[in-house]
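Here the structure is laid out as structure tokens; the discussion comes afterwards.
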Amino acid sequence: MIRILIVDDEPLACEELKRLVLTDKECQVAGTAANGEEALQWMGSHSVDAVLLDIDMPGIDGLEVASRLAQWEHPPRVVFATAHNEYAMDAFDLSAIDYVLKPYQPERIQKALARLKEVLKVREGFRDRLITLEDTLIRKGMLKKLAGHRRNSKERIVVDPLEVLYFQV
């Protein structure tokens, strides 16, 4: 299931986008936010795979949100959903998966979700292969490491015990 955060300061646009996303059985709307600051705070404490992000919002705009997310170790994927076509180049410079214009067309939203699924599938495939390799090396006694998870992440990390200075809970 793909967990998606919808960010838009227009309640009607947010509801319409939510309705369209929920027509895809592989997608789940994990939450909504009315502006960039609220979105960043929400994503700081919740895990999502993707964010459908408006650009023109009060306070922190969508481009700034995407810019900040790009600095995260494992950022959610971004699909811009906006009424402004003039920001498309900036959006793709920030590694946007897609750029959808208002008013939303159901076929166009489905195309954006299909792109999103493809990108996430590729990432998941790499992660699965890495986990399989790690498990094989540990089983064969070739890798003696500590495995764990980063906070707010499903991704596993491997640490050499000799490099650990202290643990914090």
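Going through the structure tokens in order, the chains are called A, B, and so on, while each chain numbers its residues from 1 and the ligands are numbered from 1 in the order shown.
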Spatial neighbours of stretch 56-71 of chain A, max dist 7 Å, only C-alpha atoms, sep filter under 6 positions, as a PDB file with N, CA, C and O atoms, in the first residue's frame:
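Wrote part.pdb, looks like this:
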ATOM      1  N   ASP A   9      -3.789  24.145   0.232  1.00  0.00           N
ATOM      2  CA  ASP A   9      -4.479  25.109   1.094  1.00  0.00           C
ATOM      3  C   ASP A   9      -5.936  25.308   0.691  1.00  0.00           C
ATOM      4  O   ASP A   9      -6.686  25.962   1.421  1.00  0.00           O
ATOM      5  N   ASN A  35      -0.858  23.532   4.470  1.00  0.00           N
ATOM      6  CA  ASN A  35       0.246  24.410   4.068  1.00  0.00           C
ATOM      7  C   ASN A  35       1.572  23.680   4.234  1.00  0.00           C
ATOM      8  O   ASN A  35       1.619  22.572   4.781  1.00  0.00           O
ATOM      9  N   GLY A  36       2.632  24.320   3.774  1.00  0.00           N
ATOM     10  CA  GLY A  36       3.942  23.689   3.798  1.00  0.00           C
ATOM     11  C   GLY A  36       4.470  23.403   5.187  1.00  0.00           C
ATOM     12  O   GLY A  36       5.041  22.334   5.436  1.00  0.00           O
ATOM     13  N   GLU A  37       4.288  24.334   6.091  1.00  0.00           N
ATOM     14  CA  GLU A  37       4.785  24.133   7.461  1.00  0.00           C
ATOM     15  C   GLU A  37       4.083  22.946   8.121  1.00  0.00           C
ATOM     16  O   GLU A  37       4.719  22.095   8.746  1.00  0.00           O
ATOM     17  N   ALA A  91      10.111  22.426 -10.469  1.00  0.00           N
ATOM     18  CA  ALA A  91       9.647  21.194  -9.828  1.00  0.00           C
ATOM     19  C   ALA A  91      10.498  20.001 -10.255  1.00  0.00           C
ATOM     20  O   ALA A  91      10.925  19.197  -9.418  1.00  0.00           O
ATOM     21  N   LEU A  94      13.801  19.716  -8.757  1.00  0.00           N
ATOM     22  CA  LEU A  94      13.744  19.181  -7.398  1.00  0.00           C
ATOM     23  C   LEU A  94      13.379  17.689  -7.390  1.00  0.00           C
ATOM     24  O   LEU A  94      12.970  17.146  -6.372  1.00  0.00           O
TER      25      LEU A  94
END
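Using only C-alpha atoms, the residues found no farther than 9 Å from A:Leu20, other than those of its own chain fewer than 5 positions away, are Glu15, Tyr104, Gln105, Pro106, Ile109 and Gln110 of chain A.
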Query raised in the report: Using the chain letters and numbers from this document, which residues of stretch 60-123 of chain A does DSSP assign to strand (DSSP E), as a list of chain:residue names?
Result: A:Arg77, A:Val78, A:Val79, A:Phe80, A:Ala81, A:Thr82, A:Asp98, A:Tyr99, A:Val100, A:Leu101
Those residues you just picked out, can you put them in a file as a tab-separated table (two decimals), in the first residue's frame with N, CA, C and O atoms?
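So the final result, stored in out36.tsv, reads:
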chain	number	residue	atom	x	y	z
A	77	ARG	N	8.58	10.61	-2.14
A	77	ARG	CA	8.56	11.07	-3.53
A	77	ARG	C	7.54	12.19	-3.66
A	77	ARG	O	6.52	12.19	-2.96
A	78	VAL	N	7.81	13.11	-4.56
A	78	VAL	CA	6.95	14.30	-4.71
A	78	VAL	C	6.27	14.32	-6.08
A	78	VAL	O	6.93	14.17	-7.11
A	79	VAL	N	4.95	14.52	-6.05
A	79	VAL	CA	4.18	14.80	-7.25
A	79	VAL	C	3.53	16.15	-6.99
A	79	VAL	O	2.81	16.33	-6.00
A	80	PHE	N	3.81	17.12	-7.85
A	80	PHE	CA	3.20	18.44	-7.69
A	80	PHE	C	1.81	18.41	-8.31
A	80	PHE	O	1.62	17.87	-9.40
A	81	ALA	N	0.86	19.00	-7.60
A	81	ALA	CA	-0.53	19.09	-8.06
A	81	ALA	C	-0.94	20.55	-7.85
A	81	ALA	O	-1.22	20.96	-6.73
A	82	THR	N	-0.93	21.31	-8.92
A	82	THR	CA	-1.05	22.76	-8.79
A	82	THR	C	-1.79	23.38	-9.97
A	82	THR	O	-1.94	22.75	-11.01
A	98	ASP	N	6.16	13.81	-10.98
A	98	ASP	CA	5.20	14.27	-11.97
A	98	ASP	C	4.71	15.66	-11.59
A	98	ASP	O	5.00	16.15	-10.49
A	99	TYR	N	3.96	16.26	-12.51
A	99	TYR	CA	3.44	17.63	-12.34
A	99	TYR	C	2.05	17.64	-12.94
A	99	TYR	O	1.89	17.55	-14.15
A	100	VAL	N	1.04	17.71	-12.08
A	100	VAL	CA	-0.35	17.63	-12.51
A	100	VAL	C	-1.02	18.98	-12.31
A	100	VAL	O	-0.88	19.60	-11.26
A	101	LEU	N	-1.75	19.42	-13.33
A	101	LEU	CA	-2.41	20.73	-13.26
A	101	LEU	C	-3.88	20.62	-12.85
A	101	LEU	O	-4.57	19.65	-13.20
Query raised in the report: Which one is closest to A:His46: A:Ile4, A:Ala34, A:Ala114, A:Met89? Count only C-alpha atoms.
Result: A:Ile4
Requested in this report: Determine the nearest neighbour of A:Pro11 from the options A:Glu118, A:Asp93, A:Asp24, A:Asp54, counting only C-alpha atoms.
Outcome: A:Asp54
From the DSSP assignment of the backbone, select every residue of stretch 12-68 of chain A that is helix (DSSP H, G or I), and format the answer as a compact mmCIF listing (two decimals) with all heavy atoms, in the first residue's frame.
# COMPACT_ATOMS: atom_id res chain seq x y z
N LEU A 12 -11.43 22.31 -1.08
CA LEU A 12 -12.13 21.60 -2.16
C LEU A 12 -11.15 20.85 -3.06
O LEU A 12 -11.42 19.71 -3.47
CB LEU A 12 -12.99 22.56 -2.97
CG LEU A 12 -14.20 23.15 -2.24
CD1 LEU A 12 -14.92 24.16 -3.14
CD2 LEU A 12 -15.14 22.04 -1.80
N ALA A 13 -10.02 21.47 -3.38
CA ALA A 13 -9.01 20.81 -4.20
C ALA A 13 -8.44 19.61 -3.47
O ALA A 13 -8.21 18.54 -4.06
CB ALA A 13 -7.91 21.79 -4.58
N CYS A 14 -8.22 19.77 -2.19
CA CYS A 14 -7.70 18.68 -1.36
C CYS A 14 -8.67 17.50 -1.34
O CYS A 14 -8.26 16.34 -1.52
CB CYS A 14 -7.44 19.20 0.06
SG CYS A 14 -6.54 18.08 1.10
N GLU A 15 -9.93 17.76 -1.17
CA GLU A 15 -10.95 16.70 -1.15
C GLU A 15 -11.06 16.02 -2.51
O GLU A 15 -11.23 14.80 -2.59
CB GLU A 15 -12.30 17.26 -0.71
CG GLU A 15 -12.40 17.50 0.77
CD GLU A 15 -12.12 16.25 1.61
OE1 GLU A 15 -12.67 15.16 1.30
OE2 GLU A 15 -11.34 16.36 2.57
N GLU A 16 -11.01 16.79 -3.58
CA GLU A 16 -11.08 16.22 -4.92
C GLU A 16 -9.88 15.30 -5.18
O GLU A 16 -10.03 14.20 -5.70
CB GLU A 16 -11.14 17.33 -5.98
CG GLU A 16 -11.09 16.84 -7.41
CD GLU A 16 -12.33 16.06 -7.85
OE1 GLU A 16 -13.29 15.94 -7.08
OE2 GLU A 16 -12.31 15.57 -9.00
N LEU A 17 -8.71 15.76 -4.82
CA LEU A 17 -7.50 14.95 -5.01
C LEU A 17 -7.57 13.68 -4.16
O LEU A 17 -7.22 12.59 -4.63
CB LEU A 17 -6.27 15.78 -4.65
CG LEU A 17 -4.92 15.27 -5.12
CD1 LEU A 17 -4.92 14.91 -6.59
CD2 LEU A 17 -3.85 16.31 -4.82
N LYS A 18 -8.04 13.81 -2.95
CA LYS A 18 -8.20 12.65 -2.07
C LYS A 18 -9.15 11.63 -2.70
O LYS A 18 -8.86 10.42 -2.73
CB LYS A 18 -8.73 13.12 -0.71
CG LYS A 18 -8.85 12.04 0.32
CD LYS A 18 -9.31 12.64 1.65
CE LYS A 18 -9.45 11.61 2.72
NZ LYS A 18 -9.88 12.19 4.00
N ARG A 19 -10.28 12.10 -3.22
CA ARG A 19 -11.26 11.21 -3.86
C ARG A 19 -10.64 10.48 -5.05
O ARG A 19 -10.82 9.27 -5.21
CB ARG A 19 -12.48 12.02 -4.31
CG ARG A 19 -13.62 11.18 -4.88
CD ARG A 19 -14.74 12.05 -5.43
NE ARG A 19 -14.36 12.84 -6.59
CZ ARG A 19 -14.18 12.35 -7.82
NH1 ARG A 19 -14.34 11.06 -8.06
NH2 ARG A 19 -13.85 13.13 -8.82
N LEU A 20 -9.87 11.21 -5.86
CA LEU A 20 -9.25 10.60 -7.04
C LEU A 20 -8.16 9.60 -6.66
O LEU A 20 -8.03 8.55 -7.29
CB LEU A 20 -8.68 11.69 -7.95
CG LEU A 20 -9.72 12.56 -8.64
CD1 LEU A 20 -9.07 13.76 -9.31
CD2 LEU A 20 -10.51 11.74 -9.66
N VAL A 21 -7.39 9.90 -5.65
CA VAL A 21 -6.33 8.98 -5.20
C VAL A 21 -6.95 7.69 -4.68
O VAL A 21 -6.45 6.59 -4.95
CB VAL A 21 -5.44 9.64 -4.13
CG1 VAL A 21 -4.56 8.61 -3.43
CG2 VAL A 21 -4.58 10.74 -4.74
N GLY A 36 2.63 24.32 3.77
CA GLY A 36 3.94 23.69 3.80
C GLY A 36 4.47 23.40 5.19
O GLY A 36 5.04 22.33 5.44
N GLU A 37 4.29 24.33 6.09
CA GLU A 37 4.78 24.13 7.46
C GLU A 37 4.08 22.95 8.12
O GLU A 37 4.72 22.09 8.75
CB GLU A 37 4.58 25.40 8.29
CG GLU A 37 5.18 25.29 9.68
CD GLU A 37 5.09 26.61 10.45
OE1 GLU A 37 5.04 27.68 9.82
OE2 GLU A 37 5.07 26.53 11.68
N GLU A 38 2.76 22.89 7.97
CA GLU A 38 1.99 21.78 8.52
C GLU A 38 2.43 20.45 7.91
O GLU A 38 2.54 19.44 8.59
CB GLU A 38 0.51 22.03 8.26
CG GLU A 38 -0.43 21.05 8.91
CD GLU A 38 -1.89 21.36 8.60
OE1 GLU A 38 -2.27 22.55 8.60
OE2 GLU A 38 -2.65 20.40 8.37
N ALA A 39 2.71 20.46 6.61
CA ALA A 39 3.14 19.24 5.91
C ALA A 39 4.48 18.75 6.46
O ALA A 39 4.65 17.55 6.72
CB ALA A 39 3.25 19.50 4.41
N LEU A 40 5.44 19.66 6.61
CA LEU A 40 6.75 19.27 7.13
C LEU A 40 6.65 18.73 8.55
O LEU A 40 7.31 17.74 8.89
CB LEU A 40 7.73 20.43 7.04
CG LEU A 40 8.16 20.82 5.63
CD1 LEU A 40 8.89 22.16 5.64
CD2 LEU A 40 9.04 19.73 5.02
N GLN A 41 5.85 19.37 9.37
CA GLN A 41 5.66 18.89 10.74
C GLN A 41 5.01 17.50 10.73
O GLN A 41 5.43 16.61 11.47
CB GLN A 41 4.80 19.86 11.54
CG GLN A 41 5.52 21.13 11.91
CD GLN A 41 4.61 22.13 12.62
OE1 GLN A 41 3.40 21.92 12.77
NE2 GLN A 41 5.19 23.22 13.09
N TRP A 42 4.01 17.32 9.90
CA TRP A 42 3.31 16.04 9.83
C TRP A 42 4.28 14.94 9.38
O TRP A 42 4.31 13.87 9.97
CB TRP A 42 2.12 16.16 8.86
CG TRP A 42 1.16 15.02 8.96
CD1 TRP A 42 0.05 14.95 9.73
CD2 TRP A 42 1.25 13.77 8.27
NE1 TRP A 42 -0.57 13.73 9.55
CE2 TRP A 42 0.15 12.98 8.66
CE3 TRP A 42 2.15 13.23 7.36
CZ2 TRP A 42 -0.08 11.71 8.18
CZ3 TRP A 42 1.93 11.95 6.88
CH2 TRP A 42 0.83 11.21 7.29
N MET A 43 5.06 15.22 8.34
CA MET A 43 6.00 14.20 7.82
C MET A 43 7.16 13.95 8.78
O MET A 43 7.80 12.91 8.71
CB MET A 43 6.52 14.60 6.44
CG MET A 43 5.46 14.45 5.36
SD MET A 43 6.09 14.81 3.70
CE MET A 43 6.10 16.61 3.74
N GLY A 44 7.41 14.89 9.69
CA GLY A 44 8.44 14.67 10.69
C GLY A 44 8.07 13.60 11.70
O GLY A 44 8.95 13.00 12.32
N SER A 45 6.78 13.33 11.83
CA SER A 45 6.35 12.33 12.81
C SER A 45 5.57 11.16 12.20
O SER A 45 5.16 10.26 12.91
CB SER A 45 5.52 12.99 13.91
OG SER A 45 4.38 13.61 13.36
N GLY A 62 5.12 25.08 -1.85
CA GLY A 62 5.41 23.70 -2.22
C GLY A 62 6.83 23.48 -2.72
O GLY A 62 7.42 22.43 -2.45
N LEU A 63 7.39 24.43 -3.45
CA LEU A 63 8.76 24.28 -3.93
C LEU A 63 9.75 24.25 -2.75
O LEU A 63 10.70 23.47 -2.75
CB LEU A 63 9.12 25.39 -4.91
CG LEU A 63 8.39 25.34 -6.25
CD1 LEU A 63 8.66 26.60 -7.06
CD2 LEU A 63 8.77 24.09 -7.04
N GLU A 64 9.49 25.07 -1.75
CA GLU A 64 10.35 25.08 -0.57
C GLU A 64 10.21 23.77 0.21
O GLU A 64 11.20 23.23 0.70
CB GLU A 64 10.03 26.28 0.33
CG GLU A 64 10.86 26.34 1.59
CD GLU A 64 12.36 26.52 1.37
OE1 GLU A 64 12.76 27.02 0.30
OE2 GLU A 64 13.13 26.14 2.28
N VAL A 65 9.00 23.25 0.31
CA VAL A 65 8.80 21.96 0.97
C VAL A 65 9.60 20.89 0.26
O VAL A 65 10.33 20.11 0.88
CB VAL A 65 7.30 21.57 1.01
CG1 VAL A 65 7.11 20.13 1.49
CG2 VAL A 65 6.53 22.53 1.91
N ALA A 66 9.50 20.84 -1.07
CA ALA A 66 10.23 19.83 -1.84
C ALA A 66 11.74 20.00 -1.67
O ALA A 66 12.48 19.02 -1.57
CB ALA A 66 9.85 19.92 -3.32
N SER A 67 12.19 21.24 -1.63
CA SER A 67 13.62 21.52 -1.44
C SER A 67 14.09 21.00 -0.08
O SER A 67 15.16 20.40 0.04
CB SER A 67 13.86 23.02 -1.55
OG SER A 67 15.21 23.32 -1.31
N ARG A 68 13.29 21.21 0.94
CA ARG A 68 13.66 20.72 2.28
C ARG A 68 13.61 19.19 2.34
O ARG A 68 14.46 18.56 2.95
CB ARG A 68 12.75 21.32 3.34
CG ARG A 68 12.99 22.81 3.53
CD ARG A 68 12.16 23.35 4.66
NE ARG A 68 12.22 24.81 4.70
CZ ARG A 68 11.68 25.53 5.67
NH1 ARG A 68 11.05 24.94 6.68
NH2 ARG A 68 11.75 26.84 5.64
Query raised in the report: By how many Å are atom CA of A:Gly31 and atom CA of A:Glu86 apart?
Result: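 Interatomic distance, atom CA of A:Gly31 to atom CA of A:Glu86: 27.2 Å.
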Requested in this report: Could you jot down the atom CA of A:His74 to atom CA of A:Val7 separation for me, Å, one decimal place?
Outcome: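 Value for the atom CA of A:His74-atom CA of A:Val7 distance: 18.9 Å.
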Query raised in the report: From the list A:Val29, A:Ile157, A:Leu113, A:Ala96, which residue is nearest A:Ser47 when using only C-alpha atoms?
Result: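 Once distances to A:Ser47 are computed over only C-alpha atoms, the minimum belongs to A:Val29.
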